[in-house]
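Visitor: Please find one structure pasted underneath; my questions will follow.
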Amino acid sequence: MDSSVIRQFAAALSQPDAILSDAGDLAARGRDYWGFGGVPGVAVRPVSRAEVISVLRIAAAHHIPVVTRGGASNCSAGMMAAPDRVMLDMSAMNRVLAIDPEGRTARVEAGVINADLQKDLVGYGLCFSPDPVSAPLSTIGGNIIENAGGPHALKYGVTYNHIHEIEVVLADGSVVNLSADDAGPDLLGVIIGSEGTLGIVTEATVALRPIAPVTHSLMGSFASAHDAADAVADIIRTGTVPAALEWLDRAGIAGLQAFTDTGYPTDVDAIVLVDVDGTVEEVERDAATVEKVLRRNAVEVRVATDDEAREKLWYGRLHAPDAVVRSGHDYFIGDVTVPRNRIPEMQEAIQRAAARHTDGLLFIAVAGHAGDGDLHPISFFDSTNPKAASALEAANNEIIDAALDLGGTLTGEHGVGTEKRQFMTKRFTPVEIAAQRAVKRVFDPTGLLNPGVLLPDLSPDEPSLASFEATVGATLSRHRDQASVKDEPAPAATTSDTQIDLNAANLSLTVGADVRLDDLAAHLTEQHMACAAIPADPDGRSVGALIAAASGAERRAVRNNLLGLRVVLADGGAPARFGGETMKDVAGYDLKRLFIGAGGAFGEIVSATFKVNCLPVV
């Protein structure tokens with residue numbers, strides 16, 4: 001990189017160690033925990049929002065691409081440095097700015113490590129719910145741009161559910177503040193999970209919750225994956241919501257045992273790990289319910305009620321990434337999510353792929369979050385085997401295809417990065433990709449932020465969505481200027497959708513936009529189910545009207561329980577689907593969020609998919 005540009009970056013930064021230009025330092029900073037990446041032309045370490053703004057303005061003036069680095073724990077090769085790029089290392093912006101125990105919030109800089117924040121919160125009896133296995137490495141900013149989950153997302157939700165407000169610096173150096181309570185389209189929800197391609201998160205106000213006073217852990221070992229999946233479904237069907245519900249298959253158990261002593265049985269097809277937490281009374285009740293369900297078909301059940309026993313029970317699952325790295329094998333970590341009732345079929349598809357490609361793969365182990373349907377197939381191979389590369393590619397393609405065929409998605413929590421860009425056209429239609437590309441152009445017109453990540457190469461099949469793009473631009477301008485922008489009227493309805501499709505095994509509900517809320521509530525009650533997004537006072541409204549005009553408490557309920565939308569865009573009546581039935585989905589920009597509170601400005605809502613829950617058995 002030109003030395004004069006490096007001098008400009010140095011002049012904009014206050015700390016003497018803020019510029020890294022040594023070849024060894026750059027090589028180390030340019031790669032993530034898993035070894036993917038490259039060597040940037042220069043790395044900069046700002047210590048304030050003002051310095052981030054200065055760096056981005058200099059980069060924009062010289063048309064230099066910017067790659068952001070947090071804890072470098074990303075699992076989708078999403079941090080791709082190169083000699084013509086500047087690496088924006090956020091690790092020095094690591095201050096916890098304020099903790100409000102009464103309001104249960106914390107204001108933090110983006111470079112704060114997740115585990116460090118958790119340590120600071122323990123004294124207040126509070127925690128930040130997102131707990132990815134990468135917590136000792138990952139930053140809060142990284143959690144936000146990846147929409148991180150973790151084992152306890154089943155009960156407490158993913159990062160999206162715990163962010164009140166963020167401060168974002170855009171590619172031109174302008175600053176916007178986005179809140180969960182903003183009126184109109186949910187731009188905060190679009191930034192969350194955007195993989196650093198739309199803006200640089202510099203600060204966040206996060207929601208906290210009390211640490212549960214009691215936690216018990218249970219493990220069921222099963223002779224077949226179907227028995228394990230049935231147990232997962234049966235636990236949820238009781239109305240009990242475990243804090244965590246994890247999965248390891250036979251290959252995963254054996255693979256981990258070869259690298260570290262997990263203590264897990266090696267003669268079963270799957271194990272299910274369960275956490276229940278709450279008060280003493282709640283945990284006694286829920287643990288008894290879970291244990292009863294596990295004992296129906298499990299060949300062994302273990303119960304851990306103290307910290308030492310719980311740590312032993314969870315050790316293998318939580319240290320799986322370390323075991324993978326220490327294995328000495330080459331490996332590839334996958335990430336697919338399916339509706340939770342399709343887990344056995346997905347498990348079988350993964351092992352069929354492994355069996356088909358034994359000429360190039362050693363084995364495929366599967367770990368994952370059974371309660372969310374999120375599975376991580378880990379393919380082990382020997383890179384000196386000339387057949388390994390083609391076998392790995394073929395197996396991965398087959399696994400992705402199987403997940404999509406089962407109503408799943410490309411990635412539940414790792415992100416698209418560069419590793420899954422080529423699969424985006426399998427999940428999304430040209431219209432849906434065009435809508436995402438329009439969002440990218442609005443936020444980052446010159447394409448300088450994290451180029452080559454998330455979006456596939458431009459295709460001539462992608463239509464122009466001029467109206468959609470203009471509306472996104474007007475929405476962003478409102479936040480830039482803090483001025484009112486009048487929403488466009490909703491287009492005339494082209495369909496009348498009154499379907500109600502309840503998937504009780506997956507705890508999801510797909511419902512036509514024209515269904516009346518009171519009719520929907522009555523239907524769910526008959527099925528002994530409930531949906532938190534349905535307001536107590538339906539007031540004669542439809543599902544579509546609720547989403548399009550959501551505000552206040554109703555907006556928060558819709559935000560936290562909406563899984564997917566089918567829509568007709570204002571541009572030429574183009575149909576599109578954003579999200580789906582999966583509990584976790586970080587494939588592409590989360591554009592369903594734009595339709596919340598948008599008043600029909602982006603198009604017509606045709607149907608919506610929500611989370612539901614079983615009413616407790618009395």
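Starting from 1 in every chain, residues are counted up; chains themselves are A, B, ... following the order of the structure tokens, and ligands are numbered from 1 as listed.
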Determine, for each residue of range 164-267 of chain A having at least one atom at most 7 Å from an atom of range 314-335 of chain A, the closest pair of atoms and their separation in Å to one decimal, counting only C-alpha atoms; order by chain and ascending number, as JSON lines.

Guide:
{"residue": "A:Leu256", "atom": "CA", "partner": "A:Ala323", "partner_atom": "CA", "distance": 6.4}
{"residue": "A:Phe259", "atom": "CA", "partner": "A:Ser327", "partner_atom": "CA", "distance": 5.7}
{"residue": "A:Thr260", "atom": "CA", "partner": "A:Ala323", "partner_atom": "CA", "distance": 6.6}
{"residue": "A:Thr262", "atom": "CA", "partner": "A:Gly316", "partner_atom": "CA", "distance": 4.7}

Visitor: Store the residues picked out above, limited to N, CA, C and O atoms, as an mmCIF file, in the first residue's frame.

Guide:
data_model
loop_
_atom_site.group_PDB
_atom_site.id
_atom_site.type_symbol
_atom_site.label_atom_id
_atom_site.label_comp_id
_atom_site.auth_asym_id
_atom_site.auth_seq_id
_atom_site.Cartn_x
_atom_site.Cartn_y
_atom_site.Cartn_z
ATOM 1 N N LEU A 256 -14.575 -36.818 18.881
ATOM 2 C CA LEU A 256 -14.136 -36.056 20.043
ATOM 3 C C LEU A 256 -13.350 -36.930 21.016
ATOM 4 O O LEU A 256 -12.338 -36.515 21.576
ATOM 5 N N PHE A 259 -9.740 -37.332 20.464
ATOM 6 C CA PHE A 259 -8.874 -36.174 20.672
ATOM 7 C C PHE A 259 -8.866 -35.698 22.123
ATOM 8 O O PHE A 259 -7.939 -35.016 22.550
ATOM 9 N N THR A 260 -9.922 -36.014 22.862
ATOM 10 C CA THR A 260 -10.010 -35.596 24.259
ATOM 11 C C THR A 260 -10.966 -36.536 24.986
ATOM 12 O O THR A 260 -11.879 -37.090 24.371
ATOM 13 N N THR A 262 -13.974 -37.231 26.692
ATOM 14 C CA THR A 262 -15.266 -36.595 26.976
ATOM 15 C C THR A 262 -16.062 -37.346 28.024
ATOM 16 O O THR A 262 -16.933 -36.777 28.678
#

Visitor: Got a sec: who's within 7 Å of range 41-51 of chain A, counting only C-alpha atoms, leaving out chain neighbours fewer than 5 positions off, as a list of chain:residue names?

Guide: A:Met1, A:Ala12, A:Leu13, A:Ala18, A:Ile19, A:Leu20, A:Ser21, A:Leu26, A:Ala82, A:Pro83, A:Asp84, A:Arg85, A:Val86, A:Met87, A:Leu88, A:Asp89, A:Met90, A:Ala92, A:Met93, A:Thr202

Visitor: Just list the residues in range 331-445 of chain A DSSP gives helix (DSSP H, G or I) on the backbone, as a VMD selection string.

Guide: chain A and resid 340 to 356 370 to 372 388 to 405 421 to 427 430 to 443

Visitor: Tell me, in Å to one decimal, how far CA of Glu246 in chain A is from CA of Leu117 in chain A.

Guide: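 According to the coordinates, CA of Glu246 in chain A and CA of Leu117 in chain A are separated by 24.3 Å.
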
Visitor: Using the chain letters and numbers from this document, which residues of range 235-348 of chain A does DSSP assign to strand (DSSP E), as a VMD selection string?

Guide: chain A and resid 244 to 249 270 to 278 300 to 304 330 to 333 336 to 337

Visitor: So, with only C-alpha atoms as the atoms that count, which of A:Gly38, A:Gly263, A:Pro151, A:Pro185 lies closest to Ala598 in chain A?

Guide: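 Nearest to Ala598 in chain A: A:Pro185.
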
Visitor: Could you jot down the CA of Ile236 in chain A to CA of Asp501 in chain A separation for me, Å, one decimal place?

Guide: 18.6 Å

Visitor: Write out as JSON, numbers by chain the residues lying within 9 Å of Gly196 in chain A, counting only C-alpha atoms and excluding same-chain residues fewer than 5 positions away.

Guide: {"A": [67, 68, 78, 142, 145, 146, 191, 201, 449, 450, 453]}

Visitor: One decimal, Å: what's the distance from CA of Gln118 in chain A over to CA of Ala367 in chain A, could you say?

Guide: 24.7 Å

Visitor: Which residue gives the smallest distance to Ala231 in chain A among A:Glu282, A:Asp249, A:Glu291, A:Glu393, with only C-alpha atoms counted?

Guide: A:Glu291

Visitor: Quick one: residues within 7 Å of Ile200 in chain A, only C-alpha atoms counted, chain neighbours fewer than 5 positions away excluded, as a list in words?

Guide: Val168, Val169 and Leu170 of chain A

Visitor: Output C-alpha atoms of each residue in that selection to a file, as a PDB file, in the first residue's frame.

Guide:
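Saved as again.pdb:
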ATOM      1  CA  VAL A 168     -22.849   2.465  13.072  1.00  0.00           C
ATOM      2  CA  VAL A 169     -20.283   4.284  10.945  1.00  0.00           C
ATOM      3  CA  LEU A 170     -21.082   3.977   7.247  1.00  0.00           C
TER       4      LEU A 170
END

Visitor: Given only C-alpha atoms, how would the per-residue table for range 180-216 of chain A near range 417-434 of chain A read, listing every residue at most 12 Å away with its closest atom pair and distance in Å to one decimal, sorted by chain and number, as a tab-separated table?

Guide:
residue	atom	partner	partner_atom	distance
A:Gly193	CA	A:Gly417	CA	10.8
A:Ser194	CA	A:Gly417	CA	9.8
A:Glu195	CA	A:Gly417	CA	7.2
A:Gly196	CA	A:Gly417	CA	9.8
A:Thr197	CA	A:Gly417	CA	10.0

Visitor: Show me, as a PDB file with C-alpha atoms, in the first residue's frame, the residues that have an atom within 12 Å of Thr240 in chain A when counting only C-alpha atoms, minus same-chain residues fewer than 3 positions from it.

Guide:
ATOM      1  CA  LEU A 154     -33.220 -21.922  22.385  1.00  0.00           C
ATOM      2  CA  LYS A 155     -34.648 -20.300  25.505  1.00  0.00           C
ATOM      3  CA  VAL A 232     -36.208 -33.471  21.570  1.00  0.00           C
ATOM      4  CA  ALA A 233     -39.706 -33.045  20.111  1.00  0.00           C
ATOM      5  CA  ASP A 234     -41.345 -34.665  23.147  1.00  0.00           C
ATOM      6  CA  ILE A 235     -39.490 -32.368  25.555  1.00  0.00           C
ATOM      7  CA  ILE A 236     -40.678 -29.294  23.686  1.00  0.00           C
ATOM      8  CA  ARG A 237     -44.203 -30.691  23.400  1.00  0.00           C
ATOM      9  CA  ALA A 243     -32.115 -23.342  28.441  1.00  0.00           C
ATOM     10  CA  ALA A 244     -30.076 -25.526  26.058  1.00  0.00           C
ATOM     11  CA  LEU A 245     -30.725 -28.624  23.984  1.00  0.00           C
ATOM     12  CA  VAL A 274     -30.119 -30.526  28.140  1.00  0.00           C
ATOM     13  CA  ASP A 275     -29.911 -27.575  30.515  1.00  0.00           C
ATOM     14  CA  VAL A 276     -32.888 -26.448  32.565  1.00  0.00           C
ATOM     15  CA  ASP A 277     -32.601 -23.306  34.643  1.00  0.00           C
ATOM     16  CA  GLY A 278     -34.656 -21.017  36.866  1.00  0.00           C
ATOM     17  CA  GLU A 282     -38.884 -24.400  38.363  1.00  0.00           C
ATOM     18  CA  VAL A 283     -35.767 -26.482  37.882  1.00  0.00           C
ATOM     19  CA  GLU A 284     -37.054 -29.363  39.990  1.00  0.00           C
ATOM     20  CA  ARG A 285     -40.260 -29.391  37.932  1.00  0.00           C
ATOM     21  CA  ASP A 286     -38.609 -29.021  34.517  1.00  0.00           C
ATOM     22  CA  ALA A 287     -35.749 -31.421  35.217  1.00  0.00           C
ATOM     23  CA  ALA A 288     -38.221 -34.083  36.314  1.00  0.00           C
ATOM     24  CA  THR A 289     -40.226 -33.560  33.116  1.00  0.00           C
ATOM     25  CA  VAL A 290     -37.135 -33.749  30.893  1.00  0.00           C
ATOM     26  CA  GLU A 291     -35.777 -36.814  32.697  1.00  0.00           C
ATOM     27  CA  VAL A 293     -39.086 -37.923  28.558  1.00  0.00           C
ATOM     28  CA  GLY A 371     -33.498 -27.308  19.931  1.00  0.00           C
ATOM     29  CA  ASN A 613     -44.987 -22.358  21.945  1.00  0.00           C
ATOM     30  CA  CYS A 614     -46.888 -25.164  23.591  1.00  0.00           C
ATOM     31  CA  LEU A 615     -49.116 -24.175  26.457  1.00  0.00           C
ATOM     32  CA  PRO A 616     -47.903 -25.857  29.663  1.00  0.00           C
ATOM     33  CA  VAL A 617     -49.620 -29.084  30.578  1.00  0.00           C
ATOM     34  CA  VAL A 618     -51.811 -28.405  33.616  1.00  0.00           C
TER      35      VAL A 618
END

Visitor: Would you please work out which residue, of A:Ala171, A:Ala180, A:Ala349, A:Ala570, is nearest to Val442 in chain A when using only C-alpha atoms?

Guide: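 When distances to Val442 in chain A are compared using only C-alpha atoms, the smallest one comes from A:Ala171.
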